[in-house]
Structures are given as C-alpha cells and as structure tokens.
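Next comes model-v3.txt, a file with compact mmCIF, C-alpha atoms.
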```
# COMPACT_ATOMS: atom_id res chain seq x y z
CA MET R 1 -91.26 -250.79 -1.86
CA THR R 2 -92.53 -247.19 -1.89
CA ILE R 3 -92.89 -247.16 1.91
CA TRP R 4 -89.43 -248.66 2.35
CA ARG R 5 -87.90 -246.01 0.11
CA ALA R 6 -89.66 -243.23 2.00
CA GLN R 7 -88.40 -244.58 5.30
CA ARG R 8 -84.90 -244.92 3.88
CA GLY R 9 -85.10 -241.29 2.71
CA ASP R 10 -86.18 -240.23 6.19
CA ARG R 11 -83.23 -242.06 7.71
CA ARG R 12 -80.84 -240.38 5.33
CA LEU R 13 -82.31 -236.95 6.05
CA THR R 14 -82.14 -237.55 9.79
CA ALA R 15 -78.54 -238.75 9.60
CA GLY R 16 -77.60 -235.82 7.37
CA TRP R 17 -79.16 -233.35 9.80
CA HIS R 18 -77.31 -234.76 12.81
CA ALA R 19 -74.08 -234.91 10.83
CA ALA R 20 -74.48 -231.26 9.79
CA THR R 21 -75.14 -230.27 13.41
CA ALA R 22 -72.02 -232.02 14.65
CA LEU R 23 -69.92 -230.62 11.79
CA VAL R 24 -70.98 -226.99 12.33
CA ILE R 25 -70.17 -227.22 16.03
CA ALA R 26 -66.89 -229.09 15.50
CA VAL R 27 -65.62 -226.57 12.94
CA SER R 28 -66.62 -223.64 15.17
CA LEU R 29 -64.98 -225.23 18.21
CA VAL R 30 -61.69 -225.99 16.46
CA ALA R 31 -61.50 -222.59 14.79
CA GLN R 32 -62.22 -220.61 17.95
CA LEU R 33 -59.98 -222.79 20.10
CA VAL R 34 -57.12 -222.05 17.69
CA LEU R 35 -57.85 -218.34 18.04
CA THR R 36 -57.90 -218.74 21.81
CA VAL R 37 -54.57 -220.56 21.91
CA ARG R 38 -52.97 -217.97 19.63
CA GLY R 39 -54.47 -215.06 21.57
CA ILE R 40 -56.32 -213.62 18.57
CA SER R 41 -59.82 -212.06 18.68
CA VAL R 42 -60.96 -214.26 21.59
CA LEU R 43 -60.29 -213.41 25.26
CA VAL R 44 -58.35 -210.28 24.36
CA ASP R 45 -58.54 -206.70 25.63
CA ASP R 46 -59.71 -203.63 23.71
CA THR R 47 -56.32 -203.33 22.00
CA GLY R 48 -56.40 -206.94 20.79
CA LYS R 49 -53.82 -208.15 23.29
CA ALA R 50 -54.36 -211.48 25.08
CA ILE R 51 -55.51 -210.78 28.63
CA VAL R 52 -54.00 -213.85 30.32
CA GLU R 53 -51.56 -216.66 29.63
CA MET R 54 -52.53 -219.42 27.18
CA PRO R 55 -53.48 -222.17 29.69
CA THR R 56 -55.80 -219.77 31.49
CA ARG R 57 -57.32 -218.64 28.19
CA VAL R 58 -58.12 -222.25 27.29
CA LEU R 59 -59.69 -222.85 30.72
CA ARG R 60 -61.80 -219.73 30.33
CA PHE R 61 -62.79 -220.76 26.82
CA PHE R 62 -64.35 -223.94 28.17
CA THR R 63 -65.96 -221.99 31.02
CA TYR R 64 -68.44 -220.32 28.70
CA PHE R 65 -71.95 -221.75 28.92
CA THR R 66 -72.14 -221.40 25.14
CA ILE R 67 -69.14 -223.67 24.64
CA GLN R 68 -70.37 -226.27 27.10
CA SER R 69 -73.83 -226.28 25.48
CA ASN R 70 -72.33 -226.69 22.02
CA ILE R 71 -70.08 -229.55 23.10
CA LEU R 72 -73.07 -231.28 24.66
CA ALA R 73 -75.18 -230.72 21.54
CA MET R 74 -72.40 -232.06 19.32
CA THR R 75 -72.12 -235.18 21.50
CA MET R 76 -75.87 -235.76 21.29
CA ALA R 77 -75.86 -235.28 17.51
CA VAL R 78 -73.09 -237.86 17.09
CA SER R 79 -74.86 -240.30 19.41
CA LEU R 80 -78.08 -240.01 17.37
CA LEU R 81 -76.14 -240.33 14.14
CA LEU R 82 -74.82 -243.68 15.38
CA ARG R 83 -78.00 -244.90 17.11
CA PRO R 84 -81.14 -242.90 16.17
CA HIS R 85 -83.37 -244.43 18.88
CA ARG R 86 -80.96 -244.14 21.79
CA ASP R 87 -82.38 -243.85 25.30
CA GLY R 88 -81.41 -244.22 28.96
CA ARG R 89 -81.53 -242.00 32.05
CA LEU R 90 -78.14 -240.34 31.58
CA TRP R 91 -78.81 -239.85 27.88
CA ARG R 92 -82.20 -238.29 28.58
CA VAL R 93 -80.69 -235.80 31.01
CA ALA R 94 -77.97 -234.91 28.49
CA ARG R 95 -80.52 -234.59 25.69
CA VAL R 96 -82.71 -232.22 27.72
CA ALA R 97 -79.61 -230.23 28.67
CA SER R 98 -78.46 -229.94 25.05
CA VAL R 99 -81.83 -228.77 23.70
CA VAL R 100 -82.59 -226.34 26.53
CA GLY R 101 -78.98 -225.17 26.83
CA MET R 102 -78.79 -224.35 23.13
CA THR R 103 -82.16 -222.59 23.23
CA VAL R 104 -80.96 -220.41 26.11
CA THR R 105 -77.70 -219.77 24.25
CA PHE R 106 -79.70 -218.53 21.26
CA VAL R 107 -82.08 -216.35 23.30
CA VAL R 108 -79.47 -214.79 25.60
CA TYR R 109 -77.21 -214.07 22.63
CA LEU R 110 -79.92 -212.20 20.74
CA VAL R 111 -81.16 -210.30 23.79
CA ALA R 112 -78.02 -209.52 25.79
CA LEU R 113 -74.83 -210.30 23.87
CA ALA R 114 -75.23 -209.54 20.16
CA PRO R 115 -75.72 -205.78 20.72
CA ILE R 116 -72.41 -205.44 22.58
CA LEU R 117 -70.18 -207.71 20.46
CA ASP R 118 -67.97 -206.34 17.72
CA LEU R 119 -66.37 -209.29 15.92
CA GLU R 120 -65.06 -209.84 12.42
CA GLY R 121 -63.48 -212.54 10.29
CA VAL R 122 -63.21 -216.07 11.68
CA ALA R 123 -64.32 -214.94 15.15
CA TRP R 124 -67.58 -213.60 13.68
CA TRP R 125 -68.27 -216.79 11.73
CA THR R 126 -67.65 -219.03 14.74
CA ASP R 127 -69.83 -216.76 16.84
CA ILE R 128 -72.69 -217.24 14.37
CA GLY R 129 -72.01 -220.98 14.37
CA PHE R 130 -72.16 -221.25 18.16
CA HIS R 131 -75.07 -218.91 18.84
CA ILE R 132 -77.37 -219.16 15.82
CA ALA R 133 -76.65 -222.04 13.42
CA ALA R 134 -75.96 -224.73 16.03
CA PRO R 135 -78.94 -223.87 18.28
CA LEU R 136 -81.32 -223.85 15.30
CA LEU R 137 -79.93 -227.17 14.04
CA THR R 138 -80.08 -228.76 17.51
CA THR R 139 -83.61 -227.63 18.31
CA GLY R 140 -84.80 -228.27 14.76
CA GLY R 141 -83.36 -231.78 14.83
CA TRP R 142 -85.23 -232.58 18.02
CA LEU R 143 -88.53 -231.14 16.73
CA LEU R 144 -88.29 -232.79 13.31
CA PHE R 145 -86.68 -236.14 14.03
CA GLY R 146 -86.92 -236.90 17.74
CA PRO R 147 -86.64 -239.48 19.13
CA TRP R 148 -89.72 -238.86 21.24
CA PRO R 149 -90.77 -239.09 23.95
CA ARG R 150 -87.56 -238.81 25.93
CA PHE R 151 -88.07 -235.84 28.26
CA ASP R 152 -89.63 -236.35 31.69
CA GLY R 153 -89.83 -234.47 34.97
CA ARG R 154 -86.90 -236.30 36.55
CA SER R 155 -84.64 -235.62 33.59
CA VAL R 156 -85.56 -231.93 33.60
CA ALA R 157 -84.85 -231.70 37.34
CA LEU R 158 -81.50 -233.47 37.03
CA PHE R 159 -80.37 -231.35 34.09
CA LEU R 160 -80.70 -228.21 36.25
CA LEU R 161 -77.75 -229.44 38.34
CA TRP R 162 -75.45 -228.52 35.47
CA PRO R 163 -76.31 -224.78 35.21
CA ALA R 164 -76.49 -224.55 39.02
CA CYS R 165 -72.93 -225.89 39.35
CA TRP R 166 -71.80 -223.70 36.46
CA ILE R 167 -73.16 -220.52 38.05
CA GLY R 168 -71.58 -221.45 41.39
CA TYR R 169 -68.20 -222.02 39.75
CA VAL R 170 -68.37 -218.78 37.76
CA LEU R 171 -69.16 -216.70 40.84
CA ILE R 172 -66.52 -218.39 43.02
CA GLN R 173 -63.71 -218.08 40.48
CA GLY R 174 -64.82 -214.53 39.73
CA THR R 175 -64.10 -213.47 43.31
CA GLU R 176 -60.50 -214.65 42.83
CA THR R 177 -59.82 -213.55 39.24
CA ASP R 178 -62.31 -210.71 38.68
CA TRP R 179 -63.21 -212.39 35.37
CA TYR R 180 -66.73 -213.37 34.41
CA PRO R 181 -67.71 -214.99 31.08
CA TYR R 182 -70.78 -212.78 30.64
CA PRO R 183 -71.47 -209.15 31.63
CA PHE R 184 -74.72 -209.99 33.42
CA LEU R 185 -72.74 -212.21 35.84
CA ASP R 186 -70.07 -209.61 36.61
CA ALA R 187 -70.51 -209.24 40.35
CA GLY R 188 -67.52 -206.89 40.53
CA SER R 189 -69.20 -204.16 38.48
CA ARG R 190 -72.88 -204.93 38.96
CA GLY R 191 -72.89 -206.09 42.57
CA TYR R 192 -74.11 -209.39 43.97
CA PRO R 193 -77.77 -208.39 44.45
CA ARG R 194 -78.13 -207.59 40.74
CA VAL R 195 -76.14 -210.65 39.65
CA LEU R 196 -78.13 -212.96 41.89
CA LEU R 197 -81.32 -211.53 40.39
CA ASN R 198 -79.92 -212.21 36.92
CA CYS R 199 -79.10 -215.78 38.00
CA LEU R 200 -82.66 -216.22 39.23
CA LEU R 201 -84.00 -214.98 35.90
CA VAL R 202 -81.75 -217.39 34.00
CA ALA R 203 -82.76 -220.27 36.28
CA THR R 204 -86.43 -219.43 35.71
CA LEU R 205 -85.84 -219.38 31.97
CA LEU R 206 -84.06 -222.76 32.10
CA LEU R 207 -86.79 -224.36 34.19
CA GLY R 208 -89.57 -222.89 32.06
CA LEU R 209 -87.96 -224.05 28.84
CA GLY R 210 -87.33 -227.48 30.35
CA VAL R 211 -90.99 -227.90 31.28
CA LEU R 212 -92.13 -226.59 27.89
CA ALA R 213 -89.74 -228.90 26.06
CA SER R 214 -91.01 -231.85 28.08
CA ARG R 215 -94.61 -231.12 27.13
CA ILE R 216 -93.75 -230.66 23.47
CA ASP R 217 -91.69 -233.87 23.53
CA HIS R 218 -94.60 -235.90 24.89
CA ARG R 219 -97.01 -234.33 22.42
CA LEU R 220 -94.71 -235.20 19.54
CA GLY R 221 -94.37 -238.73 20.91
CA ARG R 222 -98.09 -239.27 20.43
CA PHE R 223 -97.75 -238.60 16.72
CA ALA R 224 -94.62 -240.66 16.02
CA ARG R 225 -94.75 -241.50 12.34
CA THR R 226 -93.62 -245.13 12.41
CA PRO R 227 -93.69 -247.99 14.93
CA SER R 228 -89.88 -248.12 14.74
CA GLU R 229 -89.72 -244.83 16.66
CA ALA R 230 -90.94 -246.65 19.74
CA ARG R 231 -87.84 -248.85 19.72
CA VAL R 232 -85.34 -248.00 22.43
CA ASP R 233 -81.55 -248.33 22.40
CA ARG R 234 -80.39 -247.88 25.97
CA LEU R 235 -76.98 -246.78 27.11
```
Please re-express this file's structure in structure tokens.
Amino acid sequence: MTIWRAQRGDRRLTAGWHAATALVIAVSLVAQLVLTVRGISVLVDDTGKAIVEMPTRVLRFFTYFTIQSNILAMTMAVSLLLRPHRDGRLWRVARVASVVGMTVTFVVYLVALAPILDLEGVAWWTDIGFHIAAPLLTTGGWLLFGPWPRFDGRSVALFLLWPACWIGYVLIQGTETDWYPYPFLDAGSRGYPRVLLNCLLVATLLLGLGVLASRIDHRLGRFARTPSEARVDRL
C-alpha cells in the first residue's frame, strides 16, 4: 500500500508538472498573440506604432524560434500529460527538438537578447514565460520525470532539419522584407559573412546540446525508478 501511494504521488506530481508547463506556455502565447493582433508592445517601432499590417504581424509572430519552440514544448507536455510513457520515431524527434529548442531559447535570451530588450507590463511577463519559466519547466520535466531513454542519434540528426529550414526561411524572407526576428540574423546590417558565422555557431550549439541531451537521457534511462517506465506507448 505504501509503495502504491508513493507511485500514485509520483504520477500526480508528474501530471501536475506537465500541466503547469502547458499552462504557462498557453497563457503566454494567448497574451502575446493578442498584443500582436492589436499592435501593442510586440512587433512595433520605437514610437510604439505597429510596423506592418496585422496579418503580417501574426506571420512574423510565429516566425520566431522562441514561439515555435514553446509551441512544440507545450504539445509535448500535453502529450505526456495524456500518456506518460509515449514513444515513437516522430515523437522522439519532437521531444528532442522541444528540449534542445527550449534550452537554446533560454541560453540565447540570457546572452544576446535580454540586455537589449526593454519591455514592461504584459509583454514583460510573457517574455519571462517564454524565455525563462517555460524552458526551465520543459528541461526540468525531462530531467525529473522522463520518460527515458528516448533520445538517439537518428532523432538528434532528424531534429536538426527544423532549425536548418527555419534559418533558410528567415534569410530568404529577410532579403525581400528586410525584417529578421533576431539581431544576430540581420544580414542587412551585419552582412552575410557575419550572419552565416552566427548561424554556424547556433548550429554547433544545437548539435552539441542534442548530443549532450542524448547522453544524459541514456544515463537517466539506466536508473529508471520503476519497471513501469520501460513501458512504451507508441504513436
């Protein structure tokens, strides 16, 4: 009875963690999307005026790597809330992408973006949700609750297709619109040699974190606490 209660408590804690992760991201997404649609605080110029028409603002909102990473992390949290031992090739790739993508979001924000942002009110709170709270919840959920092992070399390699396509799209649309979601990708002001170097650094960071996450995932898998963690629910 004591063991059963402990396992039930673990299940509740795990479900609560994933639910909190999904909720933080969902609230941040809805709040900032409303600001984007209304042309307030997000995608505005120095005077606070919306820089483009509403449909284009929404498209640009979803162009940010941060937003895509958060949506992916929210989807993974919901999937684990419904089926804690989920597995499958596509799910593994998405899981790697969510953990690594949110880690990169956290690191790049602290190193390159936080010093140049000047936000307040709802925009500030959603910014903290996207860049700090959600990444810590996503990575913490993986480290604390698994399921492990799920990361492998093929999944890491396949996940890299996403940031590669994203970078290609950002650079191509930037040549037409002169808009880039992040300053370090602004080829118009920094020049392509510098931007390509930045892309290489980001790619190296993504690959390195993917390999590191895979090794940690397998190490954690060796110390799974209960036999039930070995059970697999495939897509």
### Task
Could you tell me how far atom CA of R:Val52 lies from atom CA of R:Gln32, in Å and to one decimal?
16.3 Å
### Task
Could you check how far atom CA of R:His18 sits from atom CA of R:Leu80, in Å to one decimal?
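Pair atom CA of R:His18 / atom CA of R:Leu80 returns 7.0 Å.
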### Message
To one decimal place in Å, what is the distance between atom CA of R:Trp124 and atom CA of R:Phe184?
### Response
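Interatomic distance, atom CA of R:Trp124 to atom CA of R:Phe184: 21.3 Å.
Considering only C-alpha atoms, the residue among R:Trp91, R:Phe159, R:Tyr169, R:Phe145 positioned nearest to R:Met76 is R:Trp91.
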### Among the residues R:Val96, R:Val107, R:Leu29, R:Ala203, the one that comes closest to R:Ile67 [using only C-alpha atoms]
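Ranked by minimum distance to R:Ile67, first place goes to R:Leu29.
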### Query
Could you list as a PyMOL selection string every residue that has an atom within 8 Å of (-77.6, -232.8, 12.8), using the file's coordinates and counting all atoms listed in the file?
chain R and resi 14-22+77+81+137-138+141
### Query
What lies within 12 Å of R:Leu90 using all atoms listed in the file, ignoring chain neighbours under 4 positions off, as a PyMOL selection string?
chain R and resi 76+86+94-97+150-151+154-156+158-159+234-235
### Message
I'd like to know which of R:Arg11, R:Ser69, R:Arg83, R:Ala50 is closest to R:Trp166, using all atoms listed in the file.
### Response
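For R:Trp166, the nearest of the given residues is R:Ser69.
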### Task
Give the answer as one residue: which of R:Thr66, R:Asn198, R:Thr177, R:Ser214 has the shortest atom-to-atom distance to R:Asp127, using only C-alpha atoms?
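Using only C-alpha atoms, R:Asp127 sits closest to R:Thr66.
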Residues near R:Thr139, anyone? I mean within 9 Å using all atoms listed in the file, not counting same-chain ones fewer than 2 positions away, as a tab-separated table (two decimals) with C-alpha atoms, in the coordinates of the input.
```tsv
chain	number	residue	atom	x	y	z
R	98	SER	CA	-78.46	-229.94	25.05
R	99	VAL	CA	-81.83	-228.77	23.70
R	100	VAL	CA	-82.59	-226.34	26.53
R	102	MET	CA	-78.79	-224.35	23.13
R	103	THR	CA	-82.16	-222.59	23.23
R	134	ALA	CA	-75.96	-224.73	16.03
R	135	PRO	CA	-78.94	-223.87	18.28
R	136	LEU	CA	-81.32	-223.85	15.30
R	137	LEU	CA	-79.93	-227.17	14.04
R	141	GLY	CA	-83.36	-231.78	14.83
R	142	TRP	CA	-85.23	-232.58	18.02
R	143	LEU	CA	-88.53	-231.14	16.73
R	144	LEU	CA	-88.29	-232.79	13.31
```
### Task
Could you check which of R:Trp162, R:Trp148, R:Tyr192, R:Phe62 is closest to R:Gly101, using all atoms listed in the file?
R:Trp162
### Task
Could you check which of R:Leu220, R:His85, R:Ala157, R:Val104 is closest to R:His131, using all atoms listed in the file?
R:Val104
